[in-house]
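File shown: input-v5.cif. Contents: mmCIF, N, CA and C atoms.
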```
data_target
#
loop_
_atom_site.label_atom_id
_atom_site.label_comp_id
_atom_site.auth_asym_id
_atom_site.auth_seq_id
_atom_site.Cartn_x
_atom_site.Cartn_y
_atom_site.Cartn_z
N ARG A 76 7.96 -17.79 25.93
CA ARG A 76 9.29 -18.24 26.35
C ARG A 76 9.92 -19.11 25.28
N ALA A 77 11.22 -19.01 25.20
CA ALA A 77 11.96 -19.82 24.23
C ALA A 77 11.87 -21.29 24.61
N GLY A 78 11.60 -22.13 23.65
CA GLY A 78 11.56 -23.57 23.86
C GLY A 78 10.25 -24.08 24.42
N ASP A 79 9.28 -23.21 24.68
CA ASP A 79 8.00 -23.62 25.24
C ASP A 79 6.94 -23.71 24.13
N TYR A 80 7.27 -24.40 23.06
CA TYR A 80 6.41 -24.45 21.88
C TYR A 80 5.24 -25.41 22.03
N ASP A 81 5.33 -26.37 22.93
CA ASP A 81 4.28 -27.37 23.08
C ASP A 81 3.33 -27.05 24.24
N HIS A 82 3.32 -25.83 24.66
CA HIS A 82 2.47 -25.45 25.77
C HIS A 82 1.00 -25.66 25.38
N PRO A 83 0.19 -26.24 26.26
CA PRO A 83 -1.21 -26.52 25.91
C PRO A 83 -2.02 -25.27 25.56
N ARG A 84 -1.67 -24.15 26.14
CA ARG A 84 -2.41 -22.92 25.83
C ARG A 84 -2.23 -22.49 24.37
N LEU A 85 -1.08 -22.81 23.80
CA LEU A 85 -0.86 -22.46 22.39
C LEU A 85 -1.80 -23.24 21.48
N LYS A 86 -2.10 -24.48 21.83
CA LYS A 86 -2.97 -25.31 21.00
C LYS A 86 -4.43 -24.88 21.07
N THR A 87 -4.85 -24.32 22.20
CA THR A 87 -6.24 -23.91 22.37
C THR A 87 -6.44 -22.41 22.29
N SER A 88 -5.41 -21.69 21.97
CA SER A 88 -5.48 -20.23 21.90
C SER A 88 -6.43 -19.78 20.79
N PRO A 89 -7.24 -18.75 21.05
CA PRO A 89 -8.10 -18.22 19.98
C PRO A 89 -7.29 -17.55 18.87
N LEU A 90 -6.02 -17.28 19.13
CA LEU A 90 -5.15 -16.68 18.13
C LEU A 90 -4.41 -17.72 17.28
N SER A 91 -4.65 -18.99 17.55
CA SER A 91 -3.91 -20.04 16.83
C SER A 91 -4.08 -19.99 15.31
N PRO A 92 -5.22 -19.51 14.76
CA PRO A 92 -5.27 -19.41 13.29
C PRO A 92 -4.22 -18.46 12.70
N LEU A 93 -3.73 -17.54 13.52
CA LEU A 93 -2.73 -16.59 13.03
C LEU A 93 -1.34 -17.21 12.92
N PHE A 94 -1.04 -18.20 13.75
CA PHE A 94 0.29 -18.78 13.75
C PHE A 94 0.30 -20.30 13.64
N GLY A 95 -0.85 -20.91 13.54
CA GLY A 95 -0.95 -22.37 13.57
C GLY A 95 -0.31 -23.07 12.39
N ASP A 96 -0.22 -22.42 11.23
CA ASP A 96 0.37 -23.06 10.05
C ASP A 96 1.89 -22.97 10.02
N TYR A 97 2.45 -22.16 10.91
CA TYR A 97 3.90 -21.97 10.91
C TYR A 97 4.59 -22.93 11.87
N LYS A 98 5.84 -23.21 11.56
CA LYS A 98 6.66 -23.98 12.49
C LYS A 98 6.86 -23.12 13.74
N PRO A 99 6.92 -23.73 14.90
CA PRO A 99 7.02 -22.94 16.15
C PRO A 99 8.22 -22.00 16.19
N GLU A 100 9.32 -22.39 15.56
CA GLU A 100 10.53 -21.56 15.63
C GLU A 100 10.36 -20.21 14.94
N VAL A 101 9.46 -20.12 13.97
CA VAL A 101 9.31 -18.88 13.20
C VAL A 101 7.95 -18.22 13.37
N ALA A 102 7.07 -18.86 14.13
CA ALA A 102 5.69 -18.37 14.25
C ALA A 102 5.62 -16.94 14.80
N ALA A 103 6.57 -16.58 15.64
CA ALA A 103 6.52 -15.26 16.27
C ALA A 103 6.90 -14.12 15.33
N TRP A 104 7.70 -14.40 14.31
CA TRP A 104 8.21 -13.29 13.50
C TRP A 104 7.96 -13.41 12.00
N TYR A 105 7.60 -14.57 11.49
CA TYR A 105 7.55 -14.71 10.04
C TYR A 105 6.43 -13.89 9.41
N ASP A 106 5.27 -13.80 10.04
CA ASP A 106 4.20 -12.97 9.49
C ASP A 106 4.59 -11.50 9.44
N VAL A 107 5.34 -11.06 10.42
CA VAL A 107 5.82 -9.67 10.42
C VAL A 107 6.77 -9.45 9.24
N ALA A 108 7.65 -10.41 9.00
CA ALA A 108 8.57 -10.31 7.87
C ALA A 108 7.82 -10.32 6.54
N ASP A 109 6.80 -11.17 6.45
CA ASP A 109 6.01 -11.24 5.22
C ASP A 109 5.24 -9.95 4.98
N MET A 110 4.68 -9.38 6.03
CA MET A 110 3.95 -8.12 5.88
C MET A 110 4.92 -6.98 5.52
N THR A 111 6.13 -7.02 6.05
CA THR A 111 7.13 -6.02 5.69
C THR A 111 7.46 -6.11 4.20
N LYS A 112 7.58 -7.34 3.69
CA LYS A 112 7.82 -7.52 2.26
C LYS A 112 6.68 -6.93 1.44
N ARG A 113 5.45 -7.23 1.84
CA ARG A 113 4.29 -6.73 1.10
C ARG A 113 4.22 -5.21 1.12
N LEU A 114 4.45 -4.63 2.28
CA LEU A 114 4.41 -3.17 2.38
C LEU A 114 5.55 -2.53 1.59
N THR A 115 6.70 -3.15 1.59
CA THR A 115 7.83 -2.62 0.83
C THR A 115 7.52 -2.64 -0.67
N LEU A 116 6.98 -3.76 -1.15
CA LEU A 116 6.70 -3.88 -2.58
C LEU A 116 5.52 -3.03 -3.04
N THR A 117 4.61 -2.69 -2.14
CA THR A 117 3.45 -1.91 -2.56
C THR A 117 3.53 -0.44 -2.17
N CYS A 118 4.05 -0.14 -0.99
CA CYS A 118 4.04 1.24 -0.51
C CYS A 118 5.36 1.98 -0.70
N VAL A 119 6.45 1.33 -0.38
CA VAL A 119 7.75 2.00 -0.50
C VAL A 119 8.07 2.28 -1.96
N THR A 120 7.71 1.36 -2.84
CA THR A 120 8.01 1.57 -4.27
C THR A 120 7.24 2.76 -4.85
N VAL A 121 6.11 3.10 -4.27
CA VAL A 121 5.36 4.27 -4.73
C VAL A 121 6.13 5.55 -4.42
N LEU A 122 6.92 5.51 -3.39
CA LEU A 122 7.67 6.69 -2.98
C LEU A 122 8.95 6.90 -3.80
N THR A 123 9.34 5.91 -4.56
CA THR A 123 10.55 6.07 -5.37
C THR A 123 10.23 6.90 -6.60
N HIS A 124 11.17 7.77 -6.96
CA HIS A 124 10.92 8.69 -8.07
C HIS A 124 11.70 8.34 -9.33
N GLU A 125 12.67 7.46 -9.20
CA GLU A 125 13.48 7.09 -10.35
C GLU A 125 13.46 5.57 -10.52
N PRO A 126 13.59 5.11 -11.75
CA PRO A 126 13.58 3.66 -11.99
C PRO A 126 14.68 2.92 -11.23
N ARG A 127 15.86 3.53 -11.10
CA ARG A 127 16.94 2.81 -10.42
C ARG A 127 16.62 2.60 -8.95
N GLN A 128 15.93 3.56 -8.31
CA GLN A 128 15.51 3.37 -6.92
C GLN A 128 14.46 2.27 -6.82
N PHE A 129 13.51 2.29 -7.77
CA PHE A 129 12.46 1.27 -7.79
C PHE A 129 13.06 -0.12 -7.91
N PHE A 130 13.97 -0.29 -8.85
CA PHE A 130 14.55 -1.62 -9.07
C PHE A 130 15.46 -2.04 -7.92
N LEU A 131 16.14 -1.11 -7.31
CA LEU A 131 16.97 -1.44 -6.15
C LEU A 131 16.11 -1.96 -5.00
N VAL A 132 15.03 -1.26 -4.70
CA VAL A 132 14.14 -1.66 -3.60
C VAL A 132 13.46 -2.98 -3.91
N THR A 133 12.89 -3.11 -5.10
CA THR A 133 12.12 -4.32 -5.41
C THR A 133 13.01 -5.55 -5.55
N LEU A 134 14.14 -5.41 -6.25
CA LEU A 134 15.02 -6.57 -6.42
C LEU A 134 15.61 -7.03 -5.09
N SER A 135 16.06 -6.09 -4.26
CA SER A 135 16.63 -6.49 -2.97
C SER A 135 15.57 -7.12 -2.07
N THR A 136 14.36 -6.59 -2.09
CA THR A 136 13.28 -7.18 -1.30
C THR A 136 12.93 -8.58 -1.79
N ALA A 137 12.82 -8.75 -3.09
CA ALA A 137 12.48 -10.06 -3.66
C ALA A 137 13.57 -11.09 -3.36
N ILE A 138 14.82 -10.70 -3.50
CA ILE A 138 15.93 -11.64 -3.24
C ILE A 138 15.98 -12.02 -1.76
N LEU A 139 15.85 -11.04 -0.88
CA LEU A 139 15.86 -11.34 0.56
C LEU A 139 14.69 -12.24 0.95
N THR A 140 13.54 -12.02 0.34
CA THR A 140 12.38 -12.84 0.64
C THR A 140 12.62 -14.29 0.23
N ILE A 141 13.20 -14.50 -0.94
CA ILE A 141 13.50 -15.86 -1.41
C ILE A 141 14.49 -16.53 -0.45
N VAL A 142 15.52 -15.80 -0.07
CA VAL A 142 16.55 -16.37 0.81
C VAL A 142 15.96 -16.74 2.17
N VAL A 143 15.20 -15.83 2.77
CA VAL A 143 14.63 -16.09 4.10
C VAL A 143 13.68 -17.28 4.04
N HIS A 144 12.85 -17.32 3.01
CA HIS A 144 11.90 -18.44 2.91
C HIS A 144 12.63 -19.77 2.74
N ASN A 145 13.63 -19.80 1.88
CA ASN A 145 14.35 -21.06 1.65
C ASN A 145 15.22 -21.47 2.83
N LEU A 146 15.69 -20.53 3.62
CA LEU A 146 16.47 -20.88 4.80
C LEU A 146 15.61 -21.48 5.91
N PHE A 147 14.41 -20.93 6.11
CA PHE A 147 13.60 -21.34 7.25
C PHE A 147 12.46 -22.29 6.89
N LEU A 148 12.01 -22.30 5.63
CA LEU A 148 10.83 -23.09 5.24
C LEU A 148 9.80 -23.04 6.36
N PRO A 149 9.16 -21.87 6.53
CA PRO A 149 8.42 -21.59 7.76
C PRO A 149 7.12 -22.35 7.95
N LEU A 150 6.55 -22.87 6.90
CA LEU A 150 5.25 -23.53 7.02
C LEU A 150 5.39 -25.00 7.35
N LYS A 151 4.45 -25.52 8.12
CA LYS A 151 4.48 -26.93 8.49
C LYS A 151 4.20 -27.83 7.29
N ASN A 152 3.35 -27.37 6.39
CA ASN A 152 2.97 -28.13 5.21
C ASN A 152 4.02 -27.96 4.12
N GLU A 153 4.64 -29.06 3.73
CA GLU A 153 5.71 -29.03 2.73
C GLU A 153 5.22 -28.53 1.37
N GLY A 154 4.02 -28.94 0.98
CA GLY A 154 3.46 -28.50 -0.29
C GLY A 154 3.18 -27.02 -0.31
N LEU A 155 2.69 -26.49 0.80
CA LEU A 155 2.44 -25.05 0.89
C LEU A 155 3.74 -24.27 0.84
N ASN A 156 4.78 -24.80 1.46
CA ASN A 156 6.11 -24.18 1.35
C ASN A 156 6.56 -24.11 -0.10
N ALA A 157 6.30 -25.17 -0.87
CA ALA A 157 6.71 -25.18 -2.27
C ALA A 157 5.96 -24.11 -3.06
N PHE A 158 4.66 -23.97 -2.82
CA PHE A 158 3.91 -22.96 -3.57
C PHE A 158 4.25 -21.54 -3.15
N VAL A 159 4.56 -21.33 -1.89
CA VAL A 159 5.00 -20.00 -1.46
C VAL A 159 6.35 -19.68 -2.09
N SER A 160 7.20 -20.68 -2.22
CA SER A 160 8.49 -20.50 -2.89
C SER A 160 8.28 -20.11 -4.35
N VAL A 161 7.34 -20.75 -5.02
CA VAL A 161 7.01 -20.38 -6.41
C VAL A 161 6.53 -18.94 -6.46
N ASP A 162 5.70 -18.56 -5.51
CA ASP A 162 5.20 -17.18 -5.45
C ASP A 162 6.34 -16.18 -5.34
N HIS A 163 7.31 -16.46 -4.47
CA HIS A 163 8.44 -15.55 -4.31
C HIS A 163 9.27 -15.46 -5.59
N TRP A 164 9.49 -16.60 -6.24
CA TRP A 164 10.25 -16.58 -7.49
C TRP A 164 9.50 -15.83 -8.58
N LEU A 165 8.19 -15.94 -8.63
CA LEU A 165 7.41 -15.22 -9.65
C LEU A 165 7.48 -13.72 -9.45
N ILE A 166 7.45 -13.29 -8.21
CA ILE A 166 7.61 -11.85 -7.94
C ILE A 166 8.96 -11.38 -8.47
N PHE A 167 9.99 -12.15 -8.19
CA PHE A 167 11.33 -11.81 -8.68
C PHE A 167 11.36 -11.76 -10.22
N LEU A 168 10.74 -12.73 -10.88
CA LEU A 168 10.76 -12.77 -12.34
C LEU A 168 9.97 -11.62 -12.96
N VAL A 169 8.88 -11.24 -12.35
CA VAL A 169 8.11 -10.09 -12.86
C VAL A 169 8.95 -8.82 -12.78
N ILE A 170 9.68 -8.66 -11.70
CA ILE A 170 10.56 -7.49 -11.57
C ILE A 170 11.64 -7.52 -12.65
N LEU A 171 12.18 -8.70 -12.95
CA LEU A 171 13.18 -8.80 -14.02
C LEU A 171 12.60 -8.45 -15.38
N VAL A 172 11.37 -8.86 -15.64
CA VAL A 172 10.74 -8.50 -16.92
C VAL A 172 10.52 -7.00 -16.99
N LEU A 173 10.12 -6.38 -15.87
CA LEU A 173 9.99 -4.92 -15.85
C LEU A 173 11.34 -4.25 -16.12
N LEU A 174 12.40 -4.83 -15.56
CA LEU A 174 13.74 -4.29 -15.79
C LEU A 174 14.14 -4.42 -17.26
N LEU A 175 13.84 -5.56 -17.85
CA LEU A 175 14.11 -5.74 -19.29
C LEU A 175 13.33 -4.72 -20.12
N HIS A 176 12.10 -4.53 -19.76
CA HIS A 176 11.27 -3.57 -20.50
C HIS A 176 11.83 -2.16 -20.35
N ASP A 177 12.27 -1.82 -19.16
CA ASP A 177 12.78 -0.48 -18.90
C ASP A 177 14.10 -0.21 -19.61
N THR A 178 14.89 -1.23 -19.87
CA THR A 178 16.17 -1.03 -20.54
C THR A 178 16.01 -0.88 -22.05
N HIS A 179 14.79 -1.05 -22.54
CA HIS A 179 14.50 -0.96 -23.98
C HIS A 179 15.32 -1.96 -24.77
N MET A 180 15.56 -3.11 -24.15
CA MET A 180 16.30 -4.16 -24.82
C MET A 180 15.48 -4.78 -25.95
N PHE A 181 14.17 -4.72 -25.79
CA PHE A 181 13.26 -5.26 -26.79
C PHE A 181 12.47 -4.10 -27.39
N SER A 182 12.18 -4.21 -28.66
CA SER A 182 11.30 -3.21 -29.26
C SER A 182 9.87 -3.52 -28.84
N ALA A 183 8.97 -2.60 -29.14
CA ALA A 183 7.58 -2.79 -28.75
C ALA A 183 6.99 -4.05 -29.40
N LYS A 184 7.50 -4.41 -30.56
CA LYS A 184 6.96 -5.58 -31.26
C LYS A 184 7.50 -6.89 -30.71
N THR A 185 8.67 -6.88 -30.08
CA THR A 185 9.28 -8.13 -29.62
C THR A 185 9.27 -8.32 -28.10
N ILE A 186 8.63 -7.40 -27.37
CA ILE A 186 8.58 -7.56 -25.91
C ILE A 186 7.79 -8.80 -25.53
N TRP A 187 6.94 -9.27 -26.42
CA TRP A 187 6.16 -10.48 -26.15
C TRP A 187 7.06 -11.69 -25.90
N MET A 188 8.30 -11.65 -26.44
CA MET A 188 9.22 -12.76 -26.20
C MET A 188 9.54 -12.90 -24.71
N ALA A 189 9.72 -11.76 -24.03
CA ALA A 189 9.97 -11.81 -22.59
C ALA A 189 8.77 -12.39 -21.86
N ASP A 190 7.58 -12.07 -22.32
CA ASP A 190 6.37 -12.62 -21.70
C ASP A 190 6.28 -14.13 -21.90
N VAL A 191 6.63 -14.60 -23.09
CA VAL A 191 6.59 -16.04 -23.38
C VAL A 191 7.64 -16.77 -22.54
N VAL A 192 8.81 -16.19 -22.43
CA VAL A 192 9.86 -16.81 -21.61
C VAL A 192 9.42 -16.84 -20.14
N LEU A 193 8.82 -15.75 -19.65
CA LEU A 193 8.33 -15.72 -18.28
C LEU A 193 7.25 -16.78 -18.06
N LEU A 194 6.38 -16.95 -19.02
CA LEU A 194 5.34 -17.98 -18.93
C LEU A 194 5.97 -19.38 -18.88
N GLY A 195 6.97 -19.62 -19.71
CA GLY A 195 7.66 -20.90 -19.70
C GLY A 195 8.37 -21.16 -18.39
N VAL A 196 9.04 -20.13 -17.87
CA VAL A 196 9.73 -20.27 -16.59
C VAL A 196 8.72 -20.51 -15.46
N THR A 197 7.58 -19.84 -15.54
CA THR A 197 6.52 -20.05 -14.54
C THR A 197 6.05 -21.49 -14.55
N LEU A 198 5.79 -22.04 -15.71
CA LEU A 198 5.37 -23.44 -15.80
C LEU A 198 6.46 -24.37 -15.28
N ALA A 199 7.71 -24.07 -15.60
CA ALA A 199 8.80 -24.90 -15.10
C ALA A 199 8.91 -24.82 -13.57
N LEU A 200 8.76 -23.61 -13.02
CA LEU A 200 8.80 -23.46 -11.56
C LEU A 200 7.68 -24.23 -10.88
N VAL A 201 6.48 -24.09 -11.41
CA VAL A 201 5.35 -24.78 -10.81
C VAL A 201 5.56 -26.29 -10.89
N THR A 202 6.09 -26.75 -12.00
CA THR A 202 6.32 -28.19 -12.17
C THR A 202 7.42 -28.68 -11.25
N MET A 203 8.54 -27.97 -11.19
CA MET A 203 9.68 -28.42 -10.39
C MET A 203 9.45 -28.26 -8.89
N LEU A 204 8.94 -27.10 -8.49
CA LEU A 204 8.81 -26.83 -7.06
C LEU A 204 7.49 -27.33 -6.48
N GLY A 205 6.44 -27.27 -7.28
CA GLY A 205 5.14 -27.65 -6.76
C GLY A 205 4.55 -28.89 -7.38
N GLY A 206 5.30 -29.56 -8.25
CA GLY A 206 4.77 -30.72 -8.97
C GLY A 206 4.28 -31.82 -8.06
N ARG A 207 5.03 -32.14 -7.04
CA ARG A 207 4.64 -33.21 -6.12
C ARG A 207 3.36 -32.83 -5.37
N SER A 208 3.25 -31.56 -5.01
CA SER A 208 2.05 -31.10 -4.30
C SER A 208 0.82 -31.16 -5.19
N ILE A 209 1.00 -30.82 -6.46
CA ILE A 209 -0.12 -30.89 -7.40
C ILE A 209 -0.57 -32.33 -7.55
N LEU A 210 0.38 -33.23 -7.66
CA LEU A 210 0.07 -34.65 -7.79
C LEU A 210 -0.65 -35.17 -6.54
N ASP A 211 -0.16 -34.80 -5.36
CA ASP A 211 -0.82 -35.21 -4.12
C ASP A 211 -2.23 -34.65 -4.02
N PHE A 212 -2.40 -33.39 -4.42
CA PHE A 212 -3.72 -32.77 -4.40
C PHE A 212 -4.68 -33.49 -5.34
N ALA A 213 -4.22 -33.82 -6.54
CA ALA A 213 -5.06 -34.53 -7.50
C ALA A 213 -5.45 -35.92 -6.98
N MET A 214 -4.51 -36.60 -6.33
CA MET A 214 -4.83 -37.91 -5.77
C MET A 214 -5.83 -37.80 -4.63
N ASP A 215 -5.68 -36.79 -3.78
CA ASP A 215 -6.65 -36.56 -2.69
C ASP A 215 -8.02 -36.22 -3.26
N LEU A 216 -8.04 -35.47 -4.32
CA LEU A 216 -9.31 -35.08 -4.96
C LEU A 216 -10.01 -36.30 -5.54
N CYS A 217 -9.24 -37.21 -6.12
CA CYS A 217 -9.82 -38.43 -6.67
C CYS A 217 -10.38 -39.33 -5.56
N ARG A 218 -9.74 -39.35 -4.42
CA ARG A 218 -10.23 -40.16 -3.29
C ARG A 218 -11.54 -39.62 -2.75
N VAL A 219 -11.67 -38.29 -2.72
CA VAL A 219 -12.88 -37.67 -2.18
C VAL A 219 -14.06 -37.91 -3.11
N GLY A 220 -13.83 -37.69 -4.42
CA GLY A 220 -14.91 -37.78 -5.40
C GLY A 220 -15.09 -39.17 -5.83
#
```
Let's see the structure in the file written out as structure tokens.
Amino acid sequence: RAGDYDHPRLKTSPLSPLFGDYKPEVAAWYDVADMTKRLTLTCVTVLTHEPRQFFLVTLSTAILTIVVHNLFLPLKNEGLNAFVSVDHWLIFLVILVLLLHDTHMFSAKTIWMADVVLLGVTLALVTMLGGRSILDFAMDLCRVG
């Protein structure tokens, strides 16, 4: 039922590991949306026969995934939300590098530049979006050890 998120049965349910990390508002549908994204990126793209179809499906899926995640921030843990956001952005960036490669914008000798830029952007994303979580994790690790 809508609005019955604090029901005691939900806390003791044997299925709670499936939805326990999500905010109650999205717990019912977010895993389905995430699995749809995964199936689209792995199975639907295999069915495409032309590069333009592949890039249309993958880019639209990656963009929608980023938007949905940033609108709802579905996980209770803020740090985990940041790392999932990094994951979505990395998927998008890998698709862009594939698009650059497919356009033959770089010769075979200079395609490494796109890889270096992607690596730099990855480090920047991890630092900006997940930097606080990494710092908190390191501090927790120091307390334990």
Notebook entry, point to check: How many Å lie between CA of Leu165 (chain A) and atom N of Thr123 (chain A), rounded to one decimal?
Noted result: 21.8 Å
Item checked: Result set, the PyMOL selection byres ((chain A and resi 108-121) around 8) on current file, as a list in words ->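 This file gives the following for the PyMOL selection byres ((chain A and resi 108-121) around 8): Ala103, Trp104, Tyr105, Asp106, Val107, Leu122, Thr123, His124, Gln128, Phe129, Phe130, Val132, Thr133, Thr136, Ala137 and Thr140 of chain A.
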Next item on the list: Can you check which residues of region 84-215 of chain A DSSP gives as alpha helix (DSSP H) on the backbone and send them as a PyMOL selection string?
Entry: chain A and resi 84-87+91-94+105-114+120-122+126-147+153-177+187-215
Next item on the list: Can you give me, as number ranges by chain, the residues this file yields under the PyMOL selection byres (((chain A and resi 154 and name CA) around 10) and name CA)?
Entry: A: 150-153, 155-160, 204-209, 211-212
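One finds atom C of Ser135 (chain A) at 12.7 Å from atom C of Val169 (chain A).
Note that CA of Phe167 (chain A) and CA of Leu134 (chain A) are 6.8 Å apart.
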Note to self: When the PyMOL selection byres (((chain A and resi 173-186 and name CA) around 10) and name CA) is applied to the structure above, which residues does it catch, written out as an MDAnalysis selection string?
What the structure shows: chainID A and resid 126:127 129:130 134 168:172 187:191
Around region 181-198 of chain A, with edges along x, y and z and 4 Å added on all six sides, what centre and edge lengths do you get, in Å to one decimal, as JSON?
```
{"center_x": 9.8, "center_y": -13.5, "center_z": -22.9, "size_x": 16.8, "size_y": 29.8, "size_z": 24.7}
```
